[in-house]
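Novice: Structure below; questions to follow.
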Amino acid sequence: MDGERLRRYWSKEVEALLLTYKQFETLIPAHGKHGAAHTGEDGRFVEDLLSEYLKKFLPNGIEVLTGFILRPAVKTGGSGKKRKSDTDEHSSQLDIIVYDSQNFPIFQRFGNSVIVPPEGVIGIISVKKHLNDGDIEKECKALYQAAKLCRSLESLGSKTSVRGPFLSLVSMKSKIKKADPDTIEWIFRRMQSVYSVGERPKYDYLVNYIGSLSDFSIHKKKSKLERGELSAKYIAFNHTENELHLGLQYLLSGLLSVYYDETRRNIARPGFTSFPAKDIEMSLGEIICSTER
């Protein structure tokens, strides 16, 4: 397989994204430190920047929004009573919600700020300007709780569970300080600590991607069933000058894989992304999951 021109193309797109943020720092500098002068606006600019890049490449009908997921304890479909013993639940505020608004309604909208039901959620993304030590556990827990709101959704006329949303934590740059000696290994150990507490997690509740667009990518591979156990295998890549495309490609590939999943629609997924040979990947290990999807 080739795909080299796609890898070059996506690398140039990420270079442009990172350069746009640096231009913001140039115009609104912080005296005596890195970043922009206004921390709050700095963070919102990063969210808006990533949102705009996703909007460029996702199909019409998918919106990139911010806000909350509300799972009301009401009937679904014609007579679905799966939630009859539940109570109404909602998420914490989510930086980016990738939502199929062509096929699903929205409870409330103010510009790009929304409250949506879980059925139309394609992806949930936490965004950080800089990835810091305390972000891994905090954001993995928040993404886990948001993913649980999308549980037990079924394809119409089928007993098959609908594939859960793509879950991601993305930053412009890594500022992890506690790592010794390897940042990526340290992050994976923090991930394992989150998912080792309490009940065994479902595969769809585990974060799919953690990365710094400038530095590295950590990615969850497809599931496999061994010895009666479902495991989530994670791999990682250090971004070299020629591999800047990886972060944006993983985001787009993950979102499109959910959107075109056979449990959601009977449409073939297009060839849209291209990854390098497997010999540059780093295997991190596995997290054992519940066999219930």
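So you can find residues: chains in the structure tokens are A, B, ... in the order shown, residues in each start at 1, and ligands are numbered from 1 in order.
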Wanna dump the segment 114-201 of chain A-segment 8-19 of chain A contacts at 12 Å for me, each residue with its shortest atom pair and the distance in Å to one decimal, counting only C-alpha atoms, ordered by chain and number, as CSV?

Specialist:
```
residue,atom,partner,partner_atom,distance
A:Lys129,CA,A:Leu18,CA,10.9
A:Ser171,CA,A:Leu18,CA,10.6
A:Met172,CA,A:Leu18,CA,7.2
A:Lys173,CA,A:Leu18,CA,9.4
```

Novice: Would you pick out the contacts of segment 52-61 of chain A at 10 Å or less, using only C-alpha atoms, so that residues sharing its chain but fewer than 4 positions from it are not included, and give the list as a list in words?

Specialist: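 Counting only C-alpha atoms, the residues come to Glu13, Val14, Leu17, Val46, Glu47, Asp48, Leu65, Val98, Tyr99, Asp100, Ser101, Gln102, Asn103, Phe104, Leu248, Leu251, Leu252, Leu255, Leu256, Tyr259 and Phe272 of chain A.
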
Novice: Among the residues of segment 89-222 of chain A, find those DSSP assigns to strand (DSSP E or B) from the backbone and print them as a ChimeraX atom specification.

Specialist: /A:89-90,94-100,108-110,113-116,121-131,154,161,166-174,202,209-212,216-220

Novice: Please, what distance in Å, to one decimal, runs between atom CA of Ser161 of chain A and atom CA of Glu262 of chain A?

Specialist: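 We find that atom CA of Ser161 of chain A and atom CA of Glu262 of chain A lie 10.7 Å from each other.
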
Novice: Hey, what's within 9 Å of Arg83 of chain A if we count only C-alpha atoms and toss same-chain stuff fewer than 3 positions away? As a PDB file with all heavy atoms, in the first residue's frame, please?

Specialist:
```pdb
ATOM      1  N   PRO A  72     -31.871  11.159  29.103  1.00  0.00           N
ATOM      2  CA  PRO A  72     -33.106  11.125  29.882  1.00  0.00           C
ATOM      3  C   PRO A  72     -33.604   9.694  30.069  1.00  0.00           C
ATOM      4  O   PRO A  72     -33.421   8.846  29.187  1.00  0.00           O
ATOM      5  CB  PRO A  72     -34.075  11.942  29.014  1.00  0.00           C
ATOM      6  CG  PRO A  72     -33.574  11.758  27.621  1.00  0.00           C
ATOM      7  CD  PRO A  72     -32.085  11.621  27.720  1.00  0.00           C
ATOM      8  N   ALA A  73     -34.196   9.420  31.198  1.00  0.00           N
ATOM      9  CA  ALA A  73     -34.718   8.080  31.496  1.00  0.00           C
ATOM     10  C   ALA A  73     -36.119   7.955  30.900  1.00  0.00           C
ATOM     11  O   ALA A  73     -37.128   7.959  31.617  1.00  0.00           O
ATOM     12  CB  ALA A  73     -34.727   7.837  32.990  1.00  0.00           C
ATOM     13  N   VAL A  74     -36.191   7.851  29.581  1.00  0.00           N
ATOM     14  CA  VAL A  74     -37.455   7.758  28.855  1.00  0.00           C
ATOM     15  C   VAL A  74     -37.362   6.635  27.831  1.00  0.00           C
ATOM     16  O   VAL A  74     -36.282   6.100  27.561  1.00  0.00           O
ATOM     17  CB  VAL A  74     -37.788   9.088  28.146  1.00  0.00           C
ATOM     18  CG1 VAL A  74     -37.978  10.203  29.162  1.00  0.00           C
ATOM     19  CG2 VAL A  74     -36.672   9.478  27.159  1.00  0.00           C
ATOM     20  N   LYS A  75     -38.502   6.289  27.238  1.00  0.00           N
ATOM     21  CA  LYS A  75     -38.518   5.261  26.210  1.00  0.00           C
ATOM     22  C   LYS A  75     -37.757   5.733  24.967  1.00  0.00           C
ATOM     23  O   LYS A  75     -37.750   6.907  24.638  1.00  0.00           O
ATOM     24  CB  LYS A  75     -39.954   4.913  25.824  1.00  0.00           C
ATOM     25  CG  LYS A  75     -40.727   4.169  26.899  1.00  0.00           C
ATOM     26  CD  LYS A  75     -41.972   3.517  26.338  1.00  0.00           C
ATOM     27  CE  LYS A  75     -42.920   4.522  25.713  1.00  0.00           C
ATOM     28  NZ  LYS A  75     -44.176   3.857  25.252  1.00  0.00           N
ATOM     29  N   THR A  76     -37.134   4.784  24.284  1.00  0.00           N
ATOM     30  CA  THR A  76     -36.456   5.083  23.021  1.00  0.00           C
ATOM     31  C   THR A  76     -37.081   4.244  21.919  1.00  0.00           C
ATOM     32  O   THR A  76     -37.669   3.185  22.181  1.00  0.00           O
ATOM     33  CB  THR A  76     -34.958   4.765  23.106  1.00  0.00           C
ATOM     34  OG1 THR A  76     -34.800   3.369  23.417  1.00  0.00           O
ATOM     35  CG2 THR A  76     -34.294   5.598  24.186  1.00  0.00           C
ATOM     36  N   GLY A  80     -38.996   1.106  23.326  1.00  0.00           N
ATOM     37  CA  GLY A  80     -37.802   0.723  24.069  1.00  0.00           C
ATOM     38  C   GLY A  80     -37.879   1.145  25.527  1.00  0.00           C
ATOM     39  O   GLY A  80     -38.063   2.325  25.829  1.00  0.00           O
ATOM     40  N   ASP A  86     -33.746   3.591  35.173  1.00  0.00           N
ATOM     41  CA  ASP A  86     -32.691   4.601  35.262  1.00  0.00           C
ATOM     42  C   ASP A  86     -33.239   5.914  35.814  1.00  0.00           C
ATOM     43  O   ASP A  86     -34.448   6.062  36.043  1.00  0.00           O
ATOM     44  CB  ASP A  86     -32.081   4.865  33.877  1.00  0.00           C
ATOM     45  CG  ASP A  86     -31.311   3.681  33.343  1.00  0.00           C
ATOM     46  OD1 ASP A  86     -31.089   2.724  34.104  1.00  0.00           O
ATOM     47  OD2 ASP A  86     -30.926   3.710  32.156  1.00  0.00           O
ATOM     48  N   THR A  87     -32.355   6.870  36.012  1.00  0.00           N
ATOM     49  CA  THR A  87     -32.732   8.249  36.300  1.00  0.00           C
ATOM     50  C   THR A  87     -32.082   9.139  35.251  1.00  0.00           C
ATOM     51  O   THR A  87     -31.121   8.742  34.592  1.00  0.00           O
ATOM     52  CB  THR A  87     -32.261   8.687  37.695  1.00  0.00           C
ATOM     53  OG1 THR A  87     -30.836   8.539  37.782  1.00  0.00           O
ATOM     54  CG2 THR A  87     -32.921   7.847  38.789  1.00  0.00           C
TER      55      THR A  87
END
```

Novice: Tell me which of A:Asn132, A:Gln145, A:Thr20, A:Thr273 sits closest to Ile176 of chain A, counting only C-alpha atoms.

Specialist: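 Nearest to Ile176 of chain A: A:Asn132.
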
Novice: Tell me, as a JSON list (two decimals) with N, CA, C and O atoms, in the first residue's frame, which residues lie within 10 Å of segment 195-205 of chain A, counting only C-alpha atoms; anything in the same chain fewer than 3 positions away does not count.

Specialist:
```json
[["chain", "number", "residue", "atom", "x", "y", "z"],
["A", 137, "GLU", "N", -5.33, 11.50, 34.30],
["A", 137, "GLU", "CA", -6.35, 10.82, 35.10],
["A", 137, "GLU", "C", -7.65, 11.59, 35.10],
["A", 137, "GLU", "O", -8.74, 11.01, 34.95],
["A", 140, "CYS", "N", -9.34, 11.30, 31.54],
["A", 140, "CYS", "CA", -9.77, 9.92, 31.26],
["A", 140, "CYS", "C", -11.03, 9.58, 32.04],
["A", 140, "CYS", "O", -11.95, 8.92, 31.52],
["A", 141, "LYS", "N", -11.10, 10.04, 33.30],
["A", 141, "LYS", "CA", -12.30, 9.80, 34.11],
["A", 141, "LYS", "C", -13.51, 10.52, 33.53],
["A", 141, "LYS", "O", -14.61, 9.96, 33.47],
["A", 143, "LEU", "N", -14.01, 11.48, 30.38],
["A", 143, "LEU", "CA", -14.39, 10.82, 29.14],
["A", 143, "LEU", "C", -15.10, 9.50, 29.40],
["A", 143, "LEU", "O", -16.06, 9.13, 28.72],
["A", 144, "TYR", "N", -14.63, 8.77, 30.41],
["A", 144, "TYR", "CA", -15.25, 7.49, 30.78],
["A", 144, "TYR", "C", -16.71, 7.69, 31.20],
["A", 144, "TYR", "O", -17.61, 6.97, 30.76],
["A", 145, "GLN", "N", -16.94, 8.70, 32.04],
["A", 145, "GLN", "CA", -18.31, 8.97, 32.50],
["A", 145, "GLN", "C", -19.20, 9.42, 31.36],
["A", 145, "GLN", "O", -20.37, 9.04, 31.27],
["A", 146, "ALA", "N", -18.66, 10.23, 30.45],
["A", 146, "ALA", "CA", -19.45, 10.68, 29.30],
["A", 146, "ALA", "C", -19.79, 9.50, 28.38],
["A", 146, "ALA", "O", -20.91, 9.41, 27.85],
["A", 147, "ALA", "N", -18.83, 8.59, 28.19],
["A", 147, "ALA", "CA", -19.06, 7.43, 27.33],
["A", 147, "ALA", "C", -20.15, 6.53, 27.91],
["A", 147, "ALA", "O", -20.95, 5.94, 27.17],
["A", 148, "LYS", "N", -20.22, 6.42, 29.24],
["A", 148, "LYS", "CA", -21.23, 5.57, 29.87],
["A", 148, "LYS", "C", -22.65, 6.09, 29.60],
["A", 148, "LYS", "O", -23.60, 5.31, 29.62],
["A", 149, "LEU", "N", -22.79, 7.39, 29.36],
["A", 149, "LEU", "CA", -24.10, 7.92, 29.03],
["A", 149, "LEU", "C", -24.59, 7.41, 27.67],
["A", 149, "LEU", "O", -25.79, 7.44, 27.38],
["A", 150, "CYS", "N", -23.65, 6.96, 26.84],
["A", 150, "CYS", "CA", -24.00, 6.45, 25.51],
["A", 150, "CYS", "C", -24.16, 4.93, 25.50],
["A", 150, "CYS", "O", -24.14, 4.30, 24.43],
["A", 151, "ARG", "N", -24.32, 4.34, 26.65],
["A", 151, "ARG", "CA", -24.37, 2.88, 26.78],
["A", 151, "ARG", "C", -25.70, 2.31, 26.27],
["A", 151, "ARG", "O", -26.71, 3.00, 26.21],
["A", 163, "ARG", "N", -21.98, 1.03, 18.16],
["A", 163, "ARG", "CA", -20.62, 1.35, 18.57],
["A", 163, "ARG", "C", -20.58, 2.69, 19.30],
["A", 163, "ARG", "O", -21.21, 3.66, 18.89],
["A", 164, "GLY", "N", -19.83, 2.73, 20.40],
["A", 164, "GLY", "CA", -19.74, 3.94, 21.21],
["A", 164, "GLY", "C", -18.92, 5.02, 20.55],
["A", 164, "GLY", "O", -18.23, 4.79, 19.56],
["A", 165, "PRO", "N", -18.98, 6.24, 21.09],
["A", 165, "PRO", "CA", -18.27, 7.38, 20.48],
["A", 165, "PRO", "C", -16.76, 7.25, 20.60],
["A", 165, "PRO", "O", -16.24, 6.58, 21.50],
["A", 166, "PHE", "N", -16.07, 7.93, 19.71],
["A", 166, "PHE", "CA", -14.61, 8.04, 19.74],
["A", 166, "PHE", "C", -14.22, 9.00, 20.86],
["A", 166, "PHE", "O", -14.73, 10.12, 20.93],
["A", 167, "LEU", "N", -13.31, 8.58, 21.74],
["A", 167, "LEU", "CA", -12.93, 9.35, 22.92],
["A", 167, "LEU", "C", -11.48, 9.79, 22.81],
["A", 167, "LEU", "O", -10.60, 8.96, 22.54],
["A", 190, "ARG", "N", -0.60, 5.90, 33.95],
["A", 190, "ARG", "CA", -1.69, 6.70, 34.53],
["A", 190, "ARG", "C", -3.04, 6.22, 33.99],
["A", 190, "ARG", "O", -4.03, 6.16, 34.71],
["A", 191, "MET", "N", -3.11, 5.91, 32.71],
["A", 191, "MET", "CA", -4.33, 5.37, 32.11],
["A", 191, "MET", "C", -4.71, 4.06, 32.78],
["A", 191, "MET", "O", -5.88, 3.86, 33.14],
["A", 192, "GLN", "N", -3.75, 3.18, 32.94],
["A", 192, "GLN", "CA", -4.03, 1.89, 33.58],
["A", 192, "GLN", "C", -4.56, 2.07, 35.00],
["A", 192, "GLN", "O", -5.45, 1.35, 35.43],
["A", 208, "ASN", "N", -9.78, 6.37, 23.26],
["A", 208, "ASN", "CA", -9.23, 5.87, 21.99],
["A", 208, "ASN", "C", -7.89, 6.50, 21.63],
["A", 208, "ASN", "O", -7.05, 5.86, 21.00],
["A", 220, "LYS", "N", -5.57, 3.44, 20.74],
["A", 220, "LYS", "CA", -6.16, 2.14, 21.07],
["A", 220, "LYS", "C", -6.44, 1.36, 19.79],
["A", 220, "LYS", "O", -7.16, 1.84, 18.91],
["A", 222, "LYS", "N", -7.82, -2.09, 17.57],
["A", 222, "LYS", "CA", -9.06, -2.86, 17.58],
["A", 222, "LYS", "C", -9.00, -3.96, 18.63],
["A", 222, "LYS", "O", -7.94, -4.47, 18.96],
["A", 223, "SER", "N", -10.19, -4.33, 19.12],
["A", 223, "SER", "CA", -10.27, -5.30, 20.22],
["A", 223, "SER", "C", -9.96, -6.71, 19.73],
["A", 223, "SER", "O", -10.07, -7.03, 18.55],
["A", 230, "LEU", "N", -11.65, -9.70, 26.89],
["A", 230, "LEU", "CA", -11.53, -8.69, 25.84],
["A", 230, "LEU", "C", -10.45, -7.71, 26.26],
["A", 230, "LEU", "O", -10.49, -7.18, 27.37],
["A", 231, "SER", "N", -9.47, -7.48, 25.39],
["A", 231, "SER", "CA", -8.37, -6.60, 25.75],
["A", 231, "SER", "C", -8.28, -5.43, 24.78],
["A", 231, "SER", "O", -8.58, -5.56, 23.60],
["A", 232, "ALA", "N", -7.89, -4.29, 25.32],
["A", 232, "ALA", "CA", -7.64, -3.11, 24.51],
["A", 232, "ALA", "C", -6.13, -2.91, 24.45],
["A", 232, "ALA", "O", -5.48, -2.67, 25.47],
["A", 287, "ILE", "N", -5.09, -3.29, 28.27],
["A", 287, "ILE", "CA", -5.99, -3.13, 29.40],
["A", 287, "ILE", "C", -7.12, -4.13, 29.21],
["A", 287, "ILE", "O", -7.77, -4.16, 28.17],
["A", 288, "ILE", "N", -7.33, -5.01, 30.21],
["A", 288, "ILE", "CA", -8.37, -6.03, 30.11],
["A", 288, "ILE", "C", -9.73, -5.40, 30.38],
["A", 288, "ILE", "O", -9.90, -4.64, 31.31],
["A", 289, "CYS", "N", -10.70, -5.73, 29.52],
["A", 289, "CYS", "CA", -12.02, -5.11, 29.57],
["A", 289, "CYS", "C", -13.08, -6.15, 29.91],
["A", 289, "CYS", "O", -12.86, -7.36, 29.85],
["A", 290, "SER", "N", -14.26, -5.65, 30.21],
["A", 290, "SER", "CA", -15.44, -6.50, 30.30],
["A", 290, "SER", "C", -15.75, -7.06, 28.92],
["A", 290, "SER", "O", -15.59, -6.36, 27.92],
["A", 291, "THR", "N", -16.19, -8.31, 28.84],
["A", 291, "THR", "CA", -16.51, -8.91, 27.54],
["A", 291, "THR", "C", -17.83, -8.37, 27.01],
["A", 291, "THR", "O", -18.17, -8.58, 25.85],
["A", 292, "GLU", "N", -18.58, -7.64, 27.83],
["A", 292, "GLU", "CA", -19.83, -7.04, 27.36],
["A", 292, "GLU", "C", -19.51, -5.74, 26.66],
["A", 292, "GLU", "O", -18.90, -4.85, 27.23],
["A", 293, "ARG", "N", -19.95, -5.61, 25.41],
["A", 293, "ARG", "CA", -19.71, -4.40, 24.62],
["A", 293, "ARG", "C", -20.79, -3.39, 24.95],
["A", 293, "ARG", "O", -20.63, -2.23, 24.92]]
```

Novice: Could you work out how far atom CA of Ser168 of chain A lies from atom CA of Asp88 of chain A, giving the answer in Å with one decimal?

Specialist: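 That distance, rounded to one decimal, is 24.9 Å.
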
Novice: So how far away is atom CA of Leu70 of chain A from atom CA of Thr263 of chain A, in Å?

Specialist: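 Here the two named atoms are 21.7 Å from each other.
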
Novice: Closest to Lys128 of chain A among A:Arg189, A:Gly211, A:Lys177, A:Arg71, using only C-alpha atoms?

Specialist: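 Using only C-alpha atoms, the shortest distance to Lys128 of chain A belongs to A:Gly211.
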
Novice: Skip Ile210 of chain A itself and residues of its chain fewer than 2 positions away, then list as number ranges by chain all residues within 6 Å of it, counting only C-alpha atoms.

Specialist: A: 168-170, 218

Novice: Please produce a file of the residues just selected, as a tab-separated table (two decimals), in the first residue's frame, where the atoms kept are C-alpha atoms.

Specialist:
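Wrote it out as again35.tsv, contents follow:
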```tsv
chain	number	residue	atom	x	y	z
A	168	SER	CA	-9.87	11.57	22.81
A	169	LEU	CA	-7.60	13.88	24.79
A	170	VAL	CA	-5.66	16.26	22.52
A	218	ILE	CA	-1.13	7.03	21.88
```

Novice: Residues at most 7 Å from Ser174 of chain A, counting only C-alpha atoms, excluding those fewer than 6 positions away in the same chain, as a list in words?

Specialist: His130, Leu131, Asn132, Ser212 and Asp215 of chain A
